[in-house]
>>> print(open('upload-v9.cif').read())   # mmCIF, N, CA and C atoms
data_run
loop_
_atom_site.label_atom_id
_atom_site.label_comp_id
_atom_site.auth_asym_id
_atom_site.auth_seq_id
_atom_site.Cartn_x
_atom_site.Cartn_y
_atom_site.Cartn_z
N MET S 18 48.24 21.05 28.84
CA MET S 18 46.81 20.91 28.99
C MET S 18 46.51 19.44 29.25
N LEU S 19 45.69 19.23 30.25
CA LEU S 19 45.27 17.88 30.59
C LEU S 19 44.18 17.43 29.63
N ILE S 20 44.07 16.13 29.47
CA ILE S 20 43.05 15.59 28.56
C ILE S 20 41.65 15.98 29.01
N SER S 21 41.40 16.04 30.31
CA SER S 21 40.07 16.42 30.80
C SER S 21 39.77 17.88 30.44
N GLU S 22 40.80 18.75 30.49
CA GLU S 22 40.60 20.15 30.10
C GLU S 22 40.32 20.25 28.60
N TYR S 23 41.04 19.45 27.82
CA TYR S 23 40.84 19.45 26.36
C TYR S 23 39.41 19.00 26.02
N LEU S 24 38.93 17.94 26.65
CA LEU S 24 37.59 17.44 26.39
C LEU S 24 36.53 18.46 26.79
N ALA S 25 36.74 19.13 27.91
CA ALA S 25 35.80 20.16 28.36
C ALA S 25 35.79 21.32 27.37
N LEU S 26 36.95 21.73 26.90
CA LEU S 26 37.07 22.83 25.94
C LEU S 26 36.47 22.45 24.59
N ARG S 27 36.70 21.24 24.16
CA ARG S 27 36.19 20.76 22.88
C ARG S 27 34.67 20.77 22.83
N SER S 28 34.02 20.46 23.91
CA SER S 28 32.56 20.45 23.92
C SER S 28 31.98 21.87 23.86
N GLN S 29 32.80 22.89 24.15
CA GLN S 29 32.33 24.28 24.12
C GLN S 29 32.55 24.94 22.77
N ILE S 30 33.36 24.34 21.91
CA ILE S 30 33.69 24.92 20.62
C ILE S 30 32.77 24.37 19.55
N SER S 31 32.17 25.26 18.75
CA SER S 31 31.37 24.79 17.63
C SER S 31 32.15 25.04 16.35
N VAL S 32 32.09 24.10 15.47
CA VAL S 32 32.83 24.18 14.21
C VAL S 32 31.84 24.33 13.07
N THR S 33 32.05 25.34 12.22
CA THR S 33 31.25 25.50 11.01
C THR S 33 32.19 25.53 9.83
N THR S 34 31.79 24.85 8.77
CA THR S 34 32.66 24.75 7.60
C THR S 34 32.31 25.77 6.54
N GLY S 35 31.11 26.34 6.62
CA GLY S 35 30.69 27.29 5.58
C GLY S 35 30.16 26.57 4.35
N ASN S 36 30.19 25.27 4.35
CA ASN S 36 29.70 24.49 3.23
C ASN S 36 28.20 24.33 3.36
N SER S 37 27.44 24.89 2.41
CA SER S 37 25.99 24.84 2.51
C SER S 37 25.38 23.91 1.48
N ILE S 38 26.17 23.02 0.91
CA ILE S 38 25.65 22.08 -0.07
C ILE S 38 24.62 21.20 0.60
N GLY S 39 23.43 21.14 -0.02
CA GLY S 39 22.37 20.30 0.48
C GLY S 39 21.61 20.92 1.65
N ALA S 40 21.90 22.18 1.96
CA ALA S 40 21.25 22.81 3.12
C ALA S 40 19.74 22.94 2.93
N ASN S 41 19.29 23.18 1.71
CA ASN S 41 17.87 23.38 1.47
C ASN S 41 17.17 22.14 0.94
N VAL S 42 17.85 21.03 0.90
CA VAL S 42 17.26 19.79 0.40
C VAL S 42 16.52 19.12 1.55
N PRO S 43 15.21 18.84 1.36
CA PRO S 43 14.48 18.19 2.45
C PRO S 43 14.95 16.77 2.65
N SER S 44 14.90 16.34 3.88
CA SER S 44 15.31 14.97 4.18
C SER S 44 14.22 14.01 3.71
N THR S 45 14.57 12.75 3.63
CA THR S 45 13.60 11.73 3.24
C THR S 45 12.44 11.71 4.21
N GLN S 46 12.73 11.89 5.49
CA GLN S 46 11.68 11.90 6.50
C GLN S 46 10.72 13.06 6.26
N GLU S 47 11.26 14.26 5.92
CA GLU S 47 10.40 15.41 5.66
C GLU S 47 9.51 15.16 4.45
N VAL S 48 10.04 14.54 3.41
CA VAL S 48 9.25 14.22 2.22
C VAL S 48 8.16 13.23 2.57
N ASN S 49 8.49 12.18 3.33
CA ASN S 49 7.50 11.19 3.74
C ASN S 49 6.42 11.82 4.60
N ASP S 50 6.83 12.73 5.52
CA ASP S 50 5.85 13.40 6.37
C ASP S 50 4.88 14.23 5.55
N SER S 51 5.40 14.94 4.52
CA SER S 51 4.52 15.79 3.71
C SER S 51 3.55 14.94 2.89
N SER S 52 4.00 13.79 2.36
CA SER S 52 3.08 12.95 1.60
C SER S 52 2.05 12.31 2.52
N GLU S 53 2.46 11.96 3.74
CA GLU S 53 1.51 11.42 4.70
C GLU S 53 0.50 12.48 5.10
N SER S 54 0.95 13.72 5.26
CA SER S 54 0.01 14.77 5.64
C SER S 54 -0.95 15.05 4.49
N PHE S 55 -0.49 14.89 3.24
CA PHE S 55 -1.39 15.03 2.10
C PHE S 55 -2.45 13.94 2.16
N ALA S 56 -2.01 12.73 2.44
CA ALA S 56 -2.94 11.60 2.53
C ALA S 56 -3.96 11.84 3.63
N GLN S 57 -3.49 12.32 4.77
CA GLN S 57 -4.40 12.60 5.88
C GLN S 57 -5.37 13.71 5.52
N ALA S 58 -4.87 14.76 4.85
CA ALA S 58 -5.74 15.87 4.46
C ALA S 58 -6.80 15.40 3.48
N LEU S 59 -6.41 14.55 2.53
CA LEU S 59 -7.38 14.04 1.56
C LEU S 59 -8.43 13.17 2.25
N GLN S 60 -7.99 12.29 3.14
CA GLN S 60 -8.94 11.45 3.86
C GLN S 60 -9.91 12.31 4.68
N GLN S 61 -9.38 13.39 5.27
CA GLN S 61 -10.24 14.28 6.05
C GLN S 61 -11.26 14.97 5.15
N LYS S 62 -10.82 15.44 3.97
CA LYS S 62 -11.72 16.09 3.02
C LYS S 62 -12.81 15.12 2.58
N ILE S 63 -12.41 13.88 2.34
CA ILE S 63 -13.37 12.86 1.94
C ILE S 63 -14.42 12.68 3.03
N ALA S 64 -13.96 12.60 4.27
CA ALA S 64 -14.89 12.43 5.39
C ALA S 64 -15.83 13.63 5.50
N GLU S 65 -15.29 14.84 5.32
CA GLU S 65 -16.12 16.04 5.38
C GLU S 65 -17.17 16.02 4.27
N LYS S 66 -16.74 15.61 3.08
CA LYS S 66 -17.65 15.57 1.94
C LYS S 66 -18.81 14.61 2.21
N GLN S 67 -18.50 13.50 2.86
CA GLN S 67 -19.53 12.52 3.18
C GLN S 67 -20.34 12.94 4.40
N GLY S 68 -19.81 13.85 5.20
CA GLY S 68 -20.49 14.31 6.39
C GLY S 68 -20.47 13.30 7.52
N ILE S 69 -19.60 12.31 7.41
CA ILE S 69 -19.50 11.28 8.45
C ILE S 69 -18.04 10.94 8.66
N ALA S 70 -17.79 10.12 9.64
CA ALA S 70 -16.43 9.62 9.85
C ALA S 70 -16.03 8.79 8.65
N PRO S 71 -14.74 8.75 8.32
CA PRO S 71 -14.30 8.01 7.14
C PRO S 71 -14.52 6.51 7.27
N ARG S 72 -15.67 6.03 6.79
CA ARG S 72 -16.01 4.61 6.84
C ARG S 72 -15.96 3.97 5.47
N GLY S 73 -15.83 4.77 4.42
CA GLY S 73 -15.80 4.23 3.07
C GLY S 73 -14.44 3.64 2.76
N VAL S 74 -14.16 3.51 1.48
CA VAL S 74 -12.88 2.96 1.07
C VAL S 74 -11.74 3.87 1.53
N GLU S 75 -10.62 3.25 1.78
CA GLU S 75 -9.41 3.99 2.10
C GLU S 75 -8.51 3.94 0.88
N PHE S 76 -7.49 4.76 0.86
CA PHE S 76 -6.57 4.82 -0.26
C PHE S 76 -5.17 4.48 0.22
N THR S 77 -4.51 3.57 -0.52
CA THR S 77 -3.13 3.25 -0.20
C THR S 77 -2.25 4.45 -0.52
N LYS S 78 -1.04 4.41 -0.04
CA LYS S 78 -0.09 5.49 -0.32
C LYS S 78 0.12 5.62 -1.84
N HIS S 79 0.22 4.48 -2.51
CA HIS S 79 0.39 4.48 -3.96
C HIS S 79 -0.80 5.15 -4.65
N ALA S 80 -2.02 4.81 -4.22
CA ALA S 80 -3.22 5.39 -4.81
C ALA S 80 -3.26 6.90 -4.57
N MET S 81 -2.85 7.33 -3.39
CA MET S 81 -2.82 8.76 -3.08
C MET S 81 -1.85 9.49 -4.01
N GLN S 82 -0.69 8.88 -4.26
CA GLN S 82 0.28 9.47 -5.18
C GLN S 82 -0.31 9.58 -6.58
N ARG S 83 -1.01 8.52 -7.02
CA ARG S 83 -1.61 8.54 -8.36
C ARG S 83 -2.70 9.60 -8.47
N LEU S 84 -3.50 9.77 -7.43
CA LEU S 84 -4.52 10.81 -7.44
C LEU S 84 -3.87 12.18 -7.62
N SER S 85 -2.80 12.40 -6.90
CA SER S 85 -2.11 13.68 -6.96
C SER S 85 -1.43 13.87 -8.32
N GLU S 86 -0.66 12.88 -8.77
CA GLU S 86 0.07 12.97 -10.03
C GLU S 86 -0.86 13.15 -11.23
N ARG S 87 -1.99 12.49 -11.19
CA ARG S 87 -2.89 12.47 -12.34
C ARG S 87 -4.04 13.47 -12.21
N SER S 88 -3.99 14.30 -11.19
CA SER S 88 -4.99 15.35 -10.95
C SER S 88 -6.42 14.80 -10.98
N ILE S 89 -6.64 13.70 -10.29
CA ILE S 89 -7.97 13.12 -10.20
C ILE S 89 -8.61 13.65 -8.93
N ASP S 90 -9.75 14.32 -9.08
CA ASP S 90 -10.45 14.90 -7.93
C ASP S 90 -11.64 14.01 -7.58
N ILE S 91 -11.49 13.23 -6.53
CA ILE S 91 -12.57 12.33 -6.14
C ILE S 91 -13.61 13.01 -5.26
N THR S 92 -13.32 14.22 -4.83
CA THR S 92 -14.29 14.94 -4.01
C THR S 92 -15.30 15.68 -4.89
N GLU S 93 -15.05 15.68 -6.18
CA GLU S 93 -15.92 16.35 -7.13
C GLU S 93 -17.21 15.54 -7.35
N GLY S 94 -18.34 16.21 -7.28
CA GLY S 94 -19.62 15.53 -7.51
C GLY S 94 -19.83 14.40 -6.51
N ASP S 95 -20.35 13.30 -7.01
CA ASP S 95 -20.62 12.16 -6.14
C ASP S 95 -19.69 10.98 -6.44
N THR S 96 -18.50 11.28 -6.95
CA THR S 96 -17.53 10.25 -7.33
C THR S 96 -17.23 9.29 -6.19
N LEU S 97 -16.90 9.84 -5.03
CA LEU S 97 -16.53 8.99 -3.90
C LEU S 97 -17.70 8.14 -3.44
N GLU S 98 -18.87 8.73 -3.41
CA GLU S 98 -20.07 7.98 -3.00
C GLU S 98 -20.31 6.82 -3.96
N ARG S 99 -20.15 7.07 -5.26
CA ARG S 99 -20.36 6.02 -6.26
C ARG S 99 -19.27 4.95 -6.18
N LEU S 100 -18.04 5.37 -5.90
CA LEU S 100 -16.95 4.42 -5.73
C LEU S 100 -17.26 3.48 -4.55
N ASN S 101 -17.68 4.05 -3.45
CA ASN S 101 -18.05 3.24 -2.27
C ASN S 101 -19.19 2.28 -2.61
N LYS S 102 -20.17 2.75 -3.37
CA LYS S 102 -21.29 1.91 -3.76
C LYS S 102 -20.80 0.75 -4.65
N GLY S 103 -19.88 1.05 -5.57
CA GLY S 103 -19.31 0.01 -6.43
C GLY S 103 -18.58 -1.05 -5.64
N VAL S 104 -17.82 -0.63 -4.63
CA VAL S 104 -17.09 -1.58 -3.79
C VAL S 104 -18.09 -2.41 -2.98
N GLU S 105 -19.14 -1.78 -2.52
CA GLU S 105 -20.19 -2.49 -1.78
C GLU S 105 -20.84 -3.58 -2.64
N ILE S 106 -21.14 -3.24 -3.90
CA ILE S 106 -21.74 -4.20 -4.83
C ILE S 106 -20.78 -5.37 -5.06
N ALA S 107 -19.49 -5.04 -5.27
CA ALA S 107 -18.49 -6.09 -5.49
C ALA S 107 -18.38 -7.00 -4.27
N ALA S 108 -18.41 -6.43 -3.07
CA ALA S 108 -18.32 -7.22 -1.84
C ALA S 108 -19.53 -8.14 -1.71
N ASP S 109 -20.70 -7.63 -2.06
CA ASP S 109 -21.92 -8.44 -1.99
C ASP S 109 -21.85 -9.65 -2.92
N LYS S 110 -21.12 -9.52 -4.02
CA LYS S 110 -20.98 -10.62 -4.99
C LYS S 110 -19.79 -11.53 -4.66
N GLY S 111 -19.05 -11.20 -3.60
CA GLY S 111 -17.93 -12.05 -3.19
C GLY S 111 -16.62 -11.73 -3.88
N SER S 112 -16.50 -10.58 -4.48
CA SER S 112 -15.25 -10.20 -5.16
C SER S 112 -14.13 -9.97 -4.15
N VAL S 113 -12.91 -10.19 -4.61
CA VAL S 113 -11.74 -9.96 -3.78
C VAL S 113 -10.97 -8.74 -4.29
N GLU S 114 -10.69 -8.72 -5.58
CA GLU S 114 -10.01 -7.58 -6.22
C GLU S 114 -10.89 -7.15 -7.38
N THR S 115 -11.29 -5.89 -7.42
CA THR S 115 -12.21 -5.45 -8.47
C THR S 115 -11.75 -4.16 -9.13
N LEU S 116 -12.22 -3.99 -10.35
CA LEU S 116 -12.00 -2.76 -11.09
C LEU S 116 -13.32 -2.01 -11.05
N VAL S 117 -13.32 -0.81 -10.48
CA VAL S 117 -14.53 -0.01 -10.40
C VAL S 117 -14.36 1.17 -11.36
N LEU S 118 -15.28 1.25 -12.32
CA LEU S 118 -15.26 2.35 -13.30
C LEU S 118 -16.29 3.39 -12.88
N VAL S 119 -15.80 4.58 -12.56
CA VAL S 119 -16.66 5.69 -12.16
C VAL S 119 -16.37 6.85 -13.11
N ASP S 120 -17.38 7.20 -13.91
CA ASP S 120 -17.23 8.25 -14.92
C ASP S 120 -16.03 7.94 -15.81
N LYS S 121 -15.03 8.81 -15.81
CA LYS S 121 -13.88 8.63 -16.70
C LYS S 121 -12.65 8.11 -15.96
N ASN S 122 -12.85 7.57 -14.77
CA ASN S 122 -11.72 7.08 -13.98
C ASN S 122 -11.93 5.62 -13.61
N ALA S 123 -10.81 4.90 -13.49
CA ALA S 123 -10.84 3.51 -13.06
C ALA S 123 -10.13 3.41 -11.72
N PHE S 124 -10.68 2.60 -10.84
CA PHE S 124 -10.10 2.37 -9.52
C PHE S 124 -9.93 0.87 -9.33
N VAL S 125 -8.72 0.43 -9.05
CA VAL S 125 -8.47 -0.97 -8.72
C VAL S 125 -8.54 -1.05 -7.20
N VAL S 126 -9.46 -1.90 -6.71
CA VAL S 126 -9.76 -1.93 -5.28
C VAL S 126 -9.60 -3.33 -4.71
N SER S 127 -8.95 -3.41 -3.56
CA SER S 127 -8.93 -4.65 -2.79
C SER S 127 -10.19 -4.62 -1.94
N VAL S 128 -11.17 -5.40 -2.35
CA VAL S 128 -12.46 -5.40 -1.68
C VAL S 128 -12.32 -5.93 -0.25
N LYS S 129 -11.54 -6.99 -0.10
CA LYS S 129 -11.40 -7.59 1.23
C LYS S 129 -10.75 -6.64 2.23
N ASN S 130 -9.87 -5.75 1.75
CA ASN S 130 -9.21 -4.76 2.63
C ASN S 130 -9.90 -3.40 2.59
N ASN S 131 -10.87 -3.25 1.68
CA ASN S 131 -11.59 -1.99 1.51
C ASN S 131 -10.63 -0.84 1.20
N LYS S 132 -9.65 -1.11 0.31
CA LYS S 132 -8.64 -0.11 -0.04
C LYS S 132 -8.49 0.02 -1.54
N VAL S 133 -8.41 1.27 -1.99
CA VAL S 133 -8.11 1.55 -3.39
C VAL S 133 -6.61 1.37 -3.56
N ILE S 134 -6.24 0.53 -4.53
CA ILE S 134 -4.83 0.22 -4.76
C ILE S 134 -4.21 1.22 -5.73
N THR S 135 -4.95 1.56 -6.79
CA THR S 135 -4.45 2.54 -7.75
C THR S 135 -5.62 3.17 -8.49
N THR S 136 -5.35 4.29 -9.13
CA THR S 136 -6.36 5.00 -9.90
C THR S 136 -5.80 5.32 -11.28
N ILE S 137 -6.66 5.27 -12.28
CA ILE S 137 -6.23 5.52 -13.66
C ILE S 137 -7.27 6.41 -14.33
N PRO S 138 -6.84 7.53 -14.92
CA PRO S 138 -7.79 8.37 -15.66
C PRO S 138 -8.04 7.76 -17.04
N GLN S 139 -9.11 8.20 -17.69
CA GLN S 139 -9.51 7.64 -18.98
C GLN S 139 -8.38 7.70 -20.01
N GLU S 140 -7.65 8.80 -20.05
CA GLU S 140 -6.59 8.96 -21.05
C GLU S 140 -5.53 7.86 -20.96
N GLU S 141 -5.30 7.33 -19.76
CA GLU S 141 -4.27 6.31 -19.57
C GLU S 141 -4.83 4.88 -19.62
N MET S 142 -6.15 4.75 -19.73
CA MET S 142 -6.75 3.41 -19.76
C MET S 142 -6.59 2.74 -21.12
N ILE S 143 -6.52 3.52 -22.17
CA ILE S 143 -6.45 2.98 -23.52
C ILE S 143 -5.19 2.14 -23.68
N GLY S 144 -5.38 0.90 -24.08
CA GLY S 144 -4.25 0.00 -24.29
C GLY S 144 -3.76 -0.71 -23.05
N ASN S 145 -4.36 -0.43 -21.89
CA ASN S 145 -3.95 -1.09 -20.65
C ASN S 145 -4.69 -2.40 -20.47
N ILE S 146 -4.04 -3.32 -19.80
CA ILE S 146 -4.66 -4.59 -19.43
C ILE S 146 -4.70 -4.61 -17.91
N PHE S 147 -5.89 -4.86 -17.36
CA PHE S 147 -6.04 -4.93 -15.92
C PHE S 147 -5.94 -6.40 -15.53
N THR S 148 -4.96 -6.73 -14.72
CA THR S 148 -4.74 -8.11 -14.29
C THR S 148 -5.00 -8.22 -12.79
N ASN S 149 -5.07 -9.44 -12.34
CA ASN S 149 -5.27 -9.74 -10.91
C ASN S 149 -6.55 -9.16 -10.35
N ILE S 150 -7.58 -9.07 -11.19
CA ILE S 150 -8.89 -8.66 -10.71
C ILE S 150 -9.86 -9.80 -10.98
N ASP S 151 -10.90 -9.91 -10.19
CA ASP S 151 -11.88 -10.97 -10.42
C ASP S 151 -13.24 -10.43 -10.80
N SER S 152 -13.35 -9.10 -10.89
CA SER S 152 -14.64 -8.52 -11.28
C SER S 152 -14.45 -7.08 -11.71
N THR S 153 -15.45 -6.57 -12.39
CA THR S 153 -15.49 -5.17 -12.79
C THR S 153 -16.88 -4.63 -12.48
N VAL S 154 -16.91 -3.45 -11.86
CA VAL S 154 -18.18 -2.79 -11.57
C VAL S 154 -18.19 -1.47 -12.32
N ILE S 155 -19.21 -1.28 -13.14
CA ILE S 155 -19.37 -0.02 -13.86
C ILE S 155 -20.49 0.74 -13.16
N ILE S 156 -20.16 1.88 -12.62
CA ILE S 156 -21.15 2.60 -11.82
C ILE S 156 -21.25 4.06 -12.23
#
>>> encode(input="upload-v9.cif", output="structure tokens")
Amino acid sequence: MLISEYLALRSQISVTTGNSIGANVPSTQEVNDSSESFAQALQQKIAEKQGIAPRGVEFTKHAMQRLSERSIDITEGDTLERLNKGVEIAADKGSVETLVLVDKNAFVVSVKNNKVITTIPQEEMIGNIFTNIDSTVII
């Protein structure tokens, strides 16, 4: 057999090992895609709730994870509207990083970037120290 015949034959043969270890484990890319789609879905829901294009605060990937992990529903009631109002008040006062308290939840917001950095429910606020903020808005 010539080497060219071997190479042609080799490309036609498929090899299966029968080893299915890790076959159902999602890849890192699939996991990232699903968390990004969650973030997009949440941003879309927020926009629908406001009835306008998403012009309010945005949420970092970390903040989106915290919302999900801690079961914080910002679409409930007027939470998002009040959060946006709190960020607006902080911006008017010249704040850069602020803690916005809305009902039983705390939001650490980068005012200059208009992004929520993290979210904390009331149960987890006890005993915490908020650092790297220059203001607090209670709304």
>>> resolve_selection(input="upload-v9.cif", expression="the PyMOL selection byres ((chain S and resi 76) around 7)", output="ChimeraX atom specification")
/S:74-75,77-81,131-134
>>> closest_residue(input="upload-v9.cif", among="S:Thr136, S:Asn130, S:Thr153, S:Gln60", to="S:Arg87", atoms="all atoms listed in the file")
S:Thr136
>>> resolve_selection(input="upload-v9.cif", expression="the PyMOL selection byres ((chain S and resi 117) around 8)", output="PyMOL selection string")
chain S and resi 100+103-104+114-116+118-120+122-126+152-156
>>> atom_distance(input="upload-v9.cif", atom1="atom CA of S:Arg99", atom2="atom C of S:Lys129")
18.0 Å
>>> atom_distance(input="upload-v9.cif", atom1="atom N of S:Asn101", atom2="atom CA of S:Ser127")
12.4 Å
>>> atom_distance(input="upload-v9.cif", atom1="atom CA of S:Gln61", atom2="atom CA of S:Ile137")
21.9 Å
